[in-house]
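The structure appears below as C-alpha cells.
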Amino acid sequence: MNRSSRIVITLRTEAHRVMMDVTGHVQQSLHAMQAHDGLCMLFCPHTTSGLTINEGADPDVARDIEAALARMVPVHSGFLHAEGNSDAHVKSTLTGVSLCVGVEAGHLALGRWQRVFFCEFDGPRQRELWLRFIDA
Amino acid sequence: MNRSSRIVITLRTEAHRVMMDVTGHVQQSLHAMQAHDGLCMLFCPHTTSGLTINEGADPDVARDIEAALARMVPVHSGFLHAEGNSDAHVKSTLTGVSLCVGVEAGHLALGRWQRVFFCEFDGPRQRELWLRFIDA
Amino acid sequence: MNRSSRIVITLRTEAHRVMMDVTGHVQQSLHAMQAHDGLCMLFCPHTTSGLTINEGADPDVARDIEAALARMVPVHSGFLHAEGNSDAHVKSTLTGVSLCVGVEAGHLALGRWQRVFFCEFDGPRQRELWLRFIDA
C-alpha cells in the first residue's frame with residue numbers, strides 16, 4: 001500500500017441542502033486499502049459543501065444543524081457573487097472542508113454517537129470526498 | 001513509543017456552557033509519552049462539545065466567544081431533536097472536533113497568545129479528549 | 001529535508017478585515033523544501049485571524065464570506081474583552097486556525113475552484129502562517 005495515495009469517493013447528493021452520512025463510505029475505503037492504525041484525512045474538494053462530525057443516531061440532529069446554518073446565513077442578504085449561492089460558500093467556511101480522524105484496527109476512531117457527514121449546501125450534485133490514510 | 005496509540009484525557013466540565021483551557025492537560029500527555037517533534041492530533045469524541053484554539057491571557061475572550069455562539073444559535077429556535085440540546089450540536093459543528101498542532105522539542109507549537117480550549121456546550125459532564133502524536 | 005521542521009511564511013495584511021489568498025505562498029514554500037507527496041499542515045498562530053479554503057476565481061466570494069461573518073458577529077454586541085476586537089476572536093474560532101491539505105507531486109491537492117485564504121479579522125498587521133510537511 002502506498003500510504004500517500006488519494007482515494008476518491010464519489011457521492012450523489014439528493015437534495016439542495018442535505019447532510020449526508022458518509023461514515024460507511026469512508027469505512028469501506030479504509031477496509032479496501034487494508035488500513036490498520038494511523039490517521040484518516042478527509043477532504044472536501046468543493047467550495048459550496050463541507051464536512052462535519054456530529055450525531056447520527058437521531059436524523060433530526062442533522063436537520064437541525066442544516067436549519068440553524070440556514071438561519072445564520074440567509075440566502076438573500078445582499079451578496080455580491082452573481083451565482084446566487086454565496087450562502088453555500090459561507091456555510092462551507094463555517095463547517096470546514098478538512099478533517100482528521102484516527103484509525104484503530106482498521107476502524108475510524110469516532111465517539112459513540114459520532115458520524116461523518118458530507119454537508120451539501122448547493123445540490124443536488126455529483127460530489128467527491130477525498131481520503132488519505134497515514135499509517136503510524 | 002507506539003506513535004499510533006490514542007491517549008485519552010478525562011475532563012470534568014464544571015458548567016452548562018464553558019470554554020475549558022486544556023493546554024496543560026495536552027502538554028502533560030505529550031511529556032508523559034516523551035513526544036519530541038511531530039504533529040499532535042486532538043479529537044473531541046462528543047457531539048455536544050468541540051475544540052478551538054484562541055486567546056487564553058484574558059479569560060473574557062473565551063466568555064465572549066461562548067456568548068457570541070449563544071447569540072448565533074439561540075436555544076429555542078424550533079429545533080426538531082427532542083432532547084433540547086440542538087444548539088449544542090450546532091455549536092459543535094461550528095467549532096469543530098478535530099485539530100492538528102505541531103510539536104517542537106516536546107512542546108505544542110502555539111502562537112504567543114494561543115491556548116487550546118475544550119468547548120462544553122451541554123454540561124456539566126465528564127468528557128474525553130483524545131490525543132494522537134505522529135512523530136516526524 | 002527534515003520533514004518535521006516548521007516553515008514560517010510572513011504576510012502583510014492590507015486591510016482591517018480581508019481574506020488574503022495565500023495559495024501561492026504555500027505552493028512556493030512546498031517547492032522550496034522539495035516536498036513531493038504527503039500532507040501539508042497549515043497553522044495560523046494568531047487569535048484574531050484564521051484560515052479557510054474557499055473559491056478564489058471570483059473575488060466577490062471572499063468578500064461575501066467576510067461580510068456574512070461580519071453580520072453574524074457584529075462588532076458591538078456587549079463583549080467583555082476590553083480591546084474592542086472580540087468579534088475578531090469569535091470569527092477566528094468560526095473559521096479555525098489549522099488545516100490539512102494533501103500534497104501530490106509537489107502540488108497542493110485542492111479542488112478545481114479552491115484556494116487557501118488567510119482571514120484577517122483585526123488588521124492591517126504583519127502576520128505569520130506556519131507550514132509543516134509530513135511526507136508519506
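Quick note on naming: the chains in the C-alpha cells go A, B, ... in the order shown, residues restart at 1 in each chain, and ligands are numbered from 1 in order of appearance.
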
Residues of chain C within 9 Å of chain A, only C-alpha atoms counted, as an MDAnalysis selection string: chainID C and resid 37:39 52:55 58:69 71:72 94:96 99:104 109:114 135:136

Residue selection dump (C-alpha atoms) as an mmCIF file, in the first residue's frame:
data_model
loop_
_atom_site.group_PDB
_atom_site.id
_atom_site.type_symbol
_atom_site.label_atom_id
_atom_site.label_comp_id
_atom_site.auth_asym_id
_atom_site.auth_seq_id
_atom_site.Cartn_x
_atom_site.Cartn_y
_atom_site.Cartn_z
ATOM 1 C CA ASP C 37 3.872 13.526 -1.671
ATOM 2 C CA GLY C 38 2.305 13.792 1.737
ATOM 3 C CA LEU C 39 0.351 16.159 3.941
ATOM 4 C CA THR C 52 -10.181 28.797 5.317
ATOM 5 C CA ILE C 53 -10.375 27.150 1.908
ATOM 6 C CA ASN C 54 -12.953 28.521 -0.498
ATOM 7 C CA GLU C 55 -13.450 29.812 -4.032
ATOM 8 C CA ASP C 58 -14.450 35.293 -8.281
ATOM 9 C CA PRO C 59 -13.049 37.637 -5.592
ATOM 10 C CA ASP C 60 -16.644 38.525 -4.659
ATOM 11 C CA VAL C 61 -16.981 35.149 -2.932
ATOM 12 C CA ALA C 62 -14.290 36.034 -0.376
ATOM 13 C CA ARG C 63 -15.903 39.458 0.128
ATOM 14 C CA ASP C 64 -19.294 37.800 0.654
ATOM 15 C CA ILE C 65 -17.802 35.461 3.268
ATOM 16 C CA GLU C 66 -16.184 38.366 5.110
ATOM 17 C CA ALA C 67 -19.459 40.308 5.036
ATOM 18 C CA ALA C 68 -21.519 37.330 6.198
ATOM 19 C CA LEU C 69 -19.178 36.777 9.159
ATOM 20 C CA ARG C 71 -23.311 40.157 10.060
ATOM 21 C CA MET C 72 -23.140 37.007 12.197
ATOM 22 C CA LEU C 94 -15.596 30.044 13.392
ATOM 23 C CA THR C 95 -13.058 29.659 10.576
ATOM 24 C CA GLY C 96 -10.473 27.761 12.607
ATOM 25 C CA LEU C 99 -5.889 22.971 8.067
ATOM 26 C CA CYS C 100 -4.584 19.763 6.478
ATOM 27 C CA VAL C 101 -4.248 19.519 2.702
ATOM 28 C CA GLY C 102 -2.723 16.719 0.644
ATOM 29 C CA VAL C 103 0.391 17.261 -1.491
ATOM 30 C CA GLU C 104 0.803 15.339 -4.745
ATOM 31 C CA ALA C 109 -4.161 18.831 -3.779
ATOM 32 C CA LEU C 110 -7.034 21.307 -3.939
ATOM 33 C CA GLY C 111 -10.324 21.122 -5.788
ATOM 34 C CA ARG C 112 -10.691 22.994 -9.076
ATOM 35 C CA TRP C 113 -12.071 26.211 -7.553
ATOM 36 C CA GLN C 114 -10.381 26.035 -4.165
ATOM 37 C CA ASP C 135 5.917 13.078 3.744
ATOM 38 C CA ALA C 136 4.230 9.763 3.205
#

Selection near B:Glu14, 12 Å with only C-alpha atoms, sequence-local residues under 2 positions removed, as a list of chain:residue names: B:Leu11, B:Arg12, B:His16, B:Arg17, B:Val18, B:Met19, B:Met20, B:Phe118, B:Cys119, B:Glu120, B:Phe121, B:Asp122, B:Gly123, B:Pro124, B:Arg125, B:Gln126, B:Arg127

With all heavy atoms kept, could you save the residues just selected as a tab-separated table (two decimals), in the first residue's frame?
chain	number	residue	atom	x	y	z
B	11	LEU	N	-11.82	14.66	31.31
B	11	LEU	CA	-12.09	16.02	31.79
B	11	LEU	C	-13.41	16.05	32.54
B	11	LEU	O	-14.32	15.27	32.25
B	11	LEU	CB	-12.22	16.99	30.60
B	11	LEU	CG	-11.08	17.06	29.59
B	11	LEU	CD1	-11.52	17.87	28.38
B	11	LEU	CD2	-9.86	17.69	30.25
B	12	ARG	N	-13.52	17.00	33.46
B	12	ARG	CA	-14.80	17.24	34.12
B	12	ARG	C	-15.14	18.70	33.85
B	12	ARG	O	-14.47	19.61	34.36
B	12	ARG	CB	-14.66	16.98	35.62
B	12	ARG	CG	-15.88	17.32	36.45
B	12	ARG	CD	-16.95	16.25	36.39
B	12	ARG	NE	-18.27	16.83	36.61
B	12	ARG	CZ	-19.41	16.17	36.48
B	12	ARG	NH1	-19.40	14.90	36.12
B	12	ARG	NH2	-20.56	16.76	36.68
B	16	HIS	N	-22.71	24.45	32.48
B	16	HIS	CA	-23.51	24.02	31.35
B	16	HIS	C	-22.81	24.39	30.04
B	16	HIS	O	-22.76	23.61	29.09
B	16	HIS	CB	-24.89	24.68	31.42
B	16	HIS	CG	-25.84	24.17	30.38
B	16	HIS	ND1	-26.03	22.83	30.13
B	16	HIS	CD2	-26.65	24.83	29.51
B	16	HIS	CE1	-26.91	22.68	29.14
B	16	HIS	NE2	-27.30	23.86	28.75
B	17	ARG	N	-22.29	25.63	30.01
B	17	ARG	CA	-21.52	26.07	28.84
B	17	ARG	C	-20.25	26.75	29.33
B	17	ARG	O	-20.31	27.73	30.07
B	17	ARG	CB	-22.32	27.09	28.02
B	17	ARG	CG	-23.54	26.48	27.38
B	17	ARG	CD	-24.22	27.49	26.47
B	17	ARG	NE	-25.63	27.17	26.38
B	17	ARG	CZ	-26.63	27.96	26.75
B	17	ARG	NH1	-26.37	29.17	27.22
B	17	ARG	NH2	-27.87	27.56	26.63
B	18	VAL	N	-19.13	26.20	28.89
B	18	VAL	CA	-17.86	26.76	29.35
B	18	VAL	C	-16.74	26.38	28.39
B	18	VAL	O	-16.76	25.30	27.78
B	18	VAL	CB	-17.53	26.26	30.79
B	18	VAL	CG1	-17.31	24.76	30.82
B	18	VAL	CG2	-16.33	26.99	31.37
B	19	MET	N	-15.81	27.29	28.21
B	19	MET	CA	-14.62	27.01	27.42
B	19	MET	C	-13.51	26.70	28.42
B	19	MET	O	-13.08	27.57	29.18
B	19	MET	CB	-14.25	28.23	26.58
B	19	MET	CG	-15.39	28.73	25.73
B	19	MET	SD	-15.09	28.68	23.96
B	19	MET	CE	-13.45	29.34	23.84
B	20	MET	N	-13.04	25.47	28.41
B	20	MET	CA	-12.06	24.99	29.40
B	20	MET	C	-10.68	24.92	28.75
B	20	MET	O	-10.49	24.22	27.76
B	20	MET	CB	-12.53	23.60	29.84
B	20	MET	CG	-11.67	22.94	30.90
B	20	MET	SD	-12.44	21.33	31.36
B	20	MET	CE	-11.20	20.78	32.55
B	118	PHE	N	-11.30	23.16	25.31
B	118	PHE	CA	-12.39	22.21	25.16
B	118	PHE	C	-13.66	23.02	25.38
B	118	PHE	O	-13.83	23.65	26.43
B	118	PHE	CB	-12.27	21.09	26.21
B	118	PHE	CG	-13.31	20.03	26.05
B	118	PHE	CD1	-13.04	18.88	25.30
B	118	PHE	CD2	-14.58	20.16	26.62
B	118	PHE	CE1	-14.00	17.90	25.13
B	118	PHE	CE2	-15.55	19.18	26.45
B	118	PHE	CZ	-15.26	18.06	25.71
B	119	CYS	N	-14.55	23.02	24.38
B	119	CYS	CA	-15.76	23.85	24.43
B	119	CYS	C	-16.94	23.00	24.87
B	119	CYS	O	-17.44	22.18	24.09
B	119	CYS	CB	-16.05	24.44	23.05
B	119	CYS	SG	-14.65	25.21	22.24
B	120	GLU	N	-17.37	23.19	26.08
B	120	GLU	CA	-18.54	22.47	26.60
B	120	GLU	C	-19.80	23.25	26.28
B	120	GLU	O	-19.92	24.43	26.63
B	120	GLU	CB	-18.40	22.30	28.12
B	120	GLU	CG	-19.61	21.68	28.81
B	120	GLU	CD	-19.89	20.27	28.31
B	120	GLU	OE1	-19.25	19.32	28.81
B	120	GLU	OE2	-20.77	20.12	27.44
B	121	PHE	N	-20.73	22.60	25.57
B	121	PHE	CA	-21.98	23.28	25.20
B	121	PHE	C	-23.20	22.64	25.86
B	121	PHE	O	-24.32	23.10	25.68
B	121	PHE	CB	-22.16	23.26	23.67
B	121	PHE	CG	-21.06	23.99	22.93
B	121	PHE	CD1	-20.33	23.34	21.94
B	121	PHE	CD2	-20.78	25.32	23.21
B	121	PHE	CE1	-19.32	24.01	21.25
B	121	PHE	CE2	-19.77	25.99	22.52
B	121	PHE	CZ	-19.04	25.33	21.54
B	122	ASP	N	-23.01	21.53	26.58
B	122	ASP	CA	-24.16	20.85	27.21
B	122	ASP	C	-23.70	20.10	28.45
B	122	ASP	O	-23.89	18.89	28.59
B	122	ASP	CB	-24.81	19.89	26.19
B	122	ASP	CG	-26.14	19.35	26.67
B	122	ASP	OD1	-26.81	20.01	27.49
B	122	ASP	OD2	-26.52	18.24	26.23
B	123	GLY	N	-23.09	20.82	29.36
B	123	GLY	CA	-22.57	20.20	30.58
B	123	GLY	C	-23.41	20.59	31.78
B	123	GLY	O	-24.54	21.08	31.60
B	124	PRO	N	-22.87	20.43	32.97
B	124	PRO	CA	-21.55	19.83	33.25
B	124	PRO	C	-21.57	18.31	33.07
B	124	PRO	O	-22.60	17.68	33.33
B	124	PRO	CB	-21.32	20.19	34.72
B	124	PRO	CG	-22.69	20.32	35.31
B	124	PRO	CD	-23.56	20.83	34.22
B	125	ARG	N	-20.43	17.78	32.62
B	125	ARG	CA	-20.33	16.36	32.35
B	125	ARG	C	-18.88	15.90	32.48
B	125	ARG	O	-17.96	16.69	32.38
B	125	ARG	CB	-20.69	16.06	30.88
B	125	ARG	CG	-22.10	16.32	30.51
B	125	ARG	CD	-22.43	15.46	29.32
B	125	ARG	NE	-23.55	16.04	28.57
B	125	ARG	CZ	-24.16	15.41	27.58
B	125	ARG	NH1	-23.76	14.21	27.21
B	125	ARG	NH2	-25.16	15.98	26.94
B	126	GLN	N	-18.73	14.58	32.56
B	126	GLN	CA	-17.40	14.01	32.35
B	126	GLN	C	-17.21	13.85	30.85
B	126	GLN	O	-18.11	13.36	30.15
B	126	GLN	CB	-17.27	12.67	33.07
B	126	GLN	CG	-15.84	12.13	32.94
B	126	GLN	CD	-15.57	10.99	33.91
B	126	GLN	OE1	-15.76	11.13	35.12
B	126	GLN	NE2	-15.11	9.87	33.37
B	127	ARG	N	-16.08	14.29	30.36
B	127	ARG	CA	-15.81	14.27	28.92
B	127	ARG	C	-14.46	13.64	28.65
B	127	ARG	O	-13.64	13.49	29.57
B	127	ARG	CB	-15.79	15.71	28.38
B	127	ARG	CG	-17.11	16.47	28.50
B	127	ARG	CD	-18.16	15.94	27.57
B	127	ARG	NE	-19.20	16.93	27.29
B	127	ARG	CZ	-20.20	16.69	26.42
B	127	ARG	NH1	-20.32	15.53	25.79
B	127	ARG	NH2	-21.13	17.63	26.19

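Taking only C-alpha atoms into account, B:Phe117 lies nearest to B:Val22 out of the set B:Val75, B:Val22, B:Met33, B:Cys40.
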
Those in chain B with strand (DSSP E) from DSSP, as a PyMOL selection string: chain B and resi 6-12+18-21+38-43+49-55+98-104+107-108+114-120+126-135

Filtered DSSP result for stretch 13-126 of chain B, state alpha helix (DSSP H), as number ranges by chain: B: 23-32, 59-72, 86-95

10 Å contact set for A:His25, only C-alpha atoms, chain neighbours under 3 positions out, as an MDAnalysis selection string: chainID A and resid 9:11 21:22 28:31 116 129

Please produce a file of the residues just selected, as a compact mmCIF listing (two decimals), in the first residue's frame, where the atoms kept are N, CA and C atoms.
# COMPACT_ATOMS: atom_id res chain seq x y z
N ILE A 9 -13.81 9.17 -3.28
CA ILE A 9 -15.14 8.59 -3.07
C ILE A 9 -16.14 9.47 -3.82
N THR A 10 -16.90 8.90 -4.72
CA THR A 10 -17.88 9.68 -5.48
C THR A 10 -19.24 9.59 -4.79
N LEU A 11 -19.87 10.75 -4.64
CA LEU A 11 -21.16 10.82 -3.94
C LEU A 11 -22.19 11.48 -4.84
N ASP A 21 -24.74 11.23 5.62
CA ASP A 21 -23.87 10.40 6.45
C ASP A 21 -22.98 9.55 5.54
N VAL A 22 -21.68 9.82 5.55
CA VAL A 22 -20.75 9.11 4.66
C VAL A 22 -19.80 8.20 5.44
N GLN A 28 -15.60 1.77 4.35
CA GLN A 28 -15.43 0.81 3.26
C GLN A 28 -14.10 1.05 2.52
N SER A 29 -13.76 2.32 2.32
CA SER A 29 -12.50 2.64 1.64
C SER A 29 -11.29 2.24 2.49
N LEU A 30 -11.38 2.48 3.80
CA LEU A 30 -10.29 2.08 4.69
C LEU A 30 -10.11 0.57 4.63
N HIS A 31 -11.22 -0.15 4.59
CA HIS A 31 -11.18 -1.61 4.51
C HIS A 31 -10.54 -2.05 3.20
N VAL A 116 -19.62 10.78 10.36
CA VAL A 116 -19.04 11.78 9.46
C VAL A 116 -20.11 12.19 8.43
N LEU A 129 -15.41 13.08 -2.33
CA LEU A 129 -14.82 13.14 -0.99
C LEU A 129 -13.46 12.47 -1.12
